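Participant: Input: one structure, supplied below.
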Amino acid sequence: KAVRAFLAQHPVGYTIALAGFEGAGLSRNLGNTQGGLPFTVAFNRQGQLYRQKAGQTHLAELRQWAQAL
């Protein structure tokens with residue numbers, strides 16, 4: 001509910017995935033073996049896992065990821 005309210009006030013141009021409690025398993029499958037938050041993943045255009053990072057991410061870092069694709 002809180003995420004939806006935030007996004008209503010601050011729309012973004014990319015997909016946001018909400019997985020609820022089942023998200024812990026999904027997160028582990030994507031490489032978050034410690035279960036920490038935040039955990040960021042990026043996929044390439046073919047839908048393949050491209051990068052993942054546990055911990056805080058900065059816009060400059062995300063731009064570097066995107067440019068490398």
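Ordering of the structure tokens sets the chain letters (A, B, ...); residue numbers start at 1 within each chain; ligands are numbered from 1 in the order shown.
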If you run DSSP on the backbone, which residues of chain A are strand (DSSP E or B), as a PyMOL selection string?

Facilitator: chain A and resi 39-43+49-54

Participant: Taking 2 positions as the minimum chain separation for residues in the same chain, which residues sit within 12 Å of segment 58-64 of chain A when counting only C-alpha atoms? Answer as a PyMOL selection string.

Facilitator: chain A and resi 38+40-43+50-53+55-56+66-69

Participant: Output N, CA, C and O atoms for every residue in that selection, as a CSV table (one decimal), in the first residue's frame.

Facilitator:
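Here's the written file out.csv:
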chain,number,residue,atom,x,y,z
A,38,PRO,N,18.4,-2.5,0.7
A,38,PRO,CA,17.8,-2.7,-0.6
A,38,PRO,C,18.6,-3.7,-1.4
A,38,PRO,O,19.8,-3.9,-1.2
A,40,THR,N,19.0,-4.5,-5.6
A,40,THR,CA,18.6,-4.0,-7.0
A,40,THR,C,19.1,-5.0,-8.0
A,40,THR,O,20.2,-5.5,-8.0
A,41,VAL,N,18.2,-5.2,-9.0
A,41,VAL,CA,18.5,-6.1,-10.1
A,41,VAL,C,18.2,-5.3,-11.4
A,41,VAL,O,17.3,-4.5,-11.4
A,42,ALA,N,18.9,-5.6,-12.4
A,42,ALA,CA,18.7,-5.1,-13.8
A,42,ALA,C,18.7,-6.2,-14.8
A,42,ALA,O,19.5,-7.1,-14.6
A,43,PHE,N,17.8,-6.1,-15.8
A,43,PHE,CA,17.7,-7.1,-16.8
A,43,PHE,C,18.0,-6.5,-18.1
A,43,PHE,O,17.7,-5.3,-18.4
A,50,TYR,N,21.2,-9.0,-15.8
A,50,TYR,CA,22.3,-8.3,-16.2
A,50,TYR,C,23.2,-7.9,-15.0
A,50,TYR,O,24.4,-8.2,-15.1
A,51,ARG,N,22.7,-7.4,-14.0
A,51,ARG,CA,23.4,-6.9,-12.8
A,51,ARG,C,22.6,-7.1,-11.6
A,51,ARG,O,21.3,-7.0,-11.7
A,52,GLN,N,23.2,-7.3,-10.5
A,52,GLN,CA,22.5,-7.2,-9.2
A,52,GLN,C,23.5,-6.6,-8.2
A,52,GLN,O,24.7,-6.6,-8.3
A,53,LYS,N,22.9,-5.9,-7.2
A,53,LYS,CA,23.6,-5.2,-6.2
A,53,LYS,C,22.9,-5.2,-4.9
A,53,LYS,O,21.7,-4.8,-4.8
A,55,GLY,N,22.6,-3.4,-1.3
A,55,GLY,CA,23.0,-2.1,-0.7
A,55,GLY,C,22.5,-1.0,-1.5
A,55,GLY,O,21.9,-1.1,-2.6
A,56,GLN,N,22.9,0.2,-1.1
A,56,GLN,CA,22.4,1.4,-1.7
A,56,GLN,C,23.0,1.6,-3.1
A,56,GLN,O,24.1,1.2,-3.4
A,66,ALA,N,23.2,1.1,-17.5
A,66,ALA,CA,22.4,1.3,-18.7
A,66,ALA,C,23.3,1.5,-19.9
A,66,ALA,O,23.1,1.0,-21.0
A,67,GLN,N,24.3,2.4,-19.8
A,67,GLN,CA,25.2,2.7,-20.9
A,67,GLN,C,26.0,1.5,-21.3
A,67,GLN,O,26.3,1.3,-22.5
A,68,ALA,N,26.3,0.6,-20.4
A,68,ALA,CA,27.1,-0.6,-20.7
A,68,ALA,C,26.3,-1.6,-21.5
A,68,ALA,O,26.9,-2.5,-22.2
A,69,LEU,N,25.0,-1.5,-21.5
A,69,LEU,CA,24.2,-2.4,-22.2
A,69,LEU,C,24.3,-2.0,-23.7
A,69,LEU,O,24.1,-2.3,-24.6

Participant: In Å to one decimal, how far is atom CA of Val12 of chain A from atom CA of Ser27 of chain A?

Facilitator: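 For atom CA of Ser27 of chain A relative to atom CA of Val12 of chain A, the distance reads 21.6 Å.
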
Participant: Interatomic distance between atom CA of Leu18 of chain A and atom CA of Arg4 of chain A?

Facilitator: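 Result for atom CA of Leu18 of chain A versus atom CA of Arg4 of chain A: 9.6 Å, one decimal.
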
Participant: So which residues touch Ala24 of chain A within 12 Å, counting only C-alpha atoms, skipping near sequence neighbours fewer than 5 positions away, as a count of residues only?

Facilitator: 12

Participant: Find the distance between atom CA of Gln46 of chain A and atom CA of Ile16 of chain A and write it in Å to one decimal.

Facilitator: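 Taking atom CA of Gln46 of chain A and atom CA of Ile16 of chain A, their separation equals 17.6 Å.
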
Participant: Apply DSSP to the backbone of this structure and, from segment 12-48 of chain A, keep only the residues in alpha helix (DSSP H); write these as a list in words.

Facilitator: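 Selection result, alpha helix (DSSP H) within segment 12-48 of chain A: Gly23, Ala24, Gly25, Leu26, Ser27, Arg28 and Asn29 of chain A.
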
Participant: What would the file look like if the residues just selected were written as a JSON list (two decimals), in the first residue's frame with all heavy atoms?

Facilitator:
[["chain", "number", "residue", "atom", "x", "y", "z"],
["A", 23, "GLY", "N", 8.47, -12.64, -2.15],
["A", 23, "GLY", "CA", 9.62, -11.97, -2.74],
["A", 23, "GLY", "C", 10.94, -12.39, -2.16],
["A", 23, "GLY", "O", 11.97, -12.27, -2.82],
["A", 24, "ALA", "N", 10.96, -12.90, -0.94],
["A", 24, "ALA", "CA", 12.22, -13.34, -0.33],
["A", 24, "ALA", "C", 12.85, -14.47, -1.15],
["A", 24, "ALA", "O", 14.06, -14.45, -1.43],
["A", 24, "ALA", "CB", 12.00, -13.78, 1.11],
["A", 25, "GLY", "N", 12.05, -15.43, -1.58],
["A", 25, "GLY", "CA", 12.56, -16.52, -2.41],
["A", 25, "GLY", "C", 13.01, -16.03, -3.77],
["A", 25, "GLY", "O", 14.06, -16.43, -4.28],
["A", 26, "LEU", "N", 12.22, -15.16, -4.35],
["A", 26, "LEU", "CA", 12.58, -14.58, -5.65],
["A", 26, "LEU", "C", 13.89, -13.81, -5.54],
["A", 26, "LEU", "O", 14.77, -13.95, -6.37],
["A", 26, "LEU", "CB", 11.46, -13.66, -6.14],
["A", 26, "LEU", "CG", 11.73, -12.87, -7.42],
["A", 26, "LEU", "CD1", 12.01, -13.81, -8.59],
["A", 26, "LEU", "CD2", 10.56, -11.95, -7.72],
["A", 27, "SER", "N", 14.02, -13.03, -4.50],
["A", 27, "SER", "CA", 15.23, -12.26, -4.27],
["A", 27, "SER", "C", 16.45, -13.18, -4.14],
["A", 27, "SER", "O", 17.51, -12.91, -4.72],
["A", 27, "SER", "CB", 15.05, -11.40, -3.01],
["A", 27, "SER", "OG", 16.19, -10.62, -2.77],
["A", 28, "ARG", "N", 16.32, -14.26, -3.40],
["A", 28, "ARG", "CA", 17.41, -15.23, -3.28],
["A", 28, "ARG", "C", 17.76, -15.83, -4.64],
["A", 28, "ARG", "O", 18.94, -15.97, -4.98],
["A", 28, "ARG", "CB", 17.04, -16.35, -2.30],
["A", 28, "ARG", "CG", 17.39, -16.05, -0.86],
["A", 28, "ARG", "CD", 17.28, -17.29, 0.01],
["A", 28, "ARG", "NE", 15.92, -17.84, 0.04],
["A", 28, "ARG", "CZ", 14.94, -17.38, 0.78],
["A", 28, "ARG", "NH1", 15.13, -16.35, 1.57],
["A", 28, "ARG", "NH2", 13.75, -17.94, 0.73],
["A", 29, "ASN", "N", 16.75, -16.17, -5.42],
["A", 29, "ASN", "CA", 16.99, -16.74, -6.75],
["A", 29, "ASN", "C", 17.71, -15.76, -7.66],
["A", 29, "ASN", "O", 18.41, -16.18, -8.60],
["A", 29, "ASN", "CB", 15.68, -17.17, -7.40],
["A", 29, "ASN", "CG", 15.08, -18.39, -6.74],
["A", 29, "ASN", "OD1", 15.76, -19.13, -6.05],
["A", 29, "ASN", "ND2", 13.79, -18.58, -6.94]]
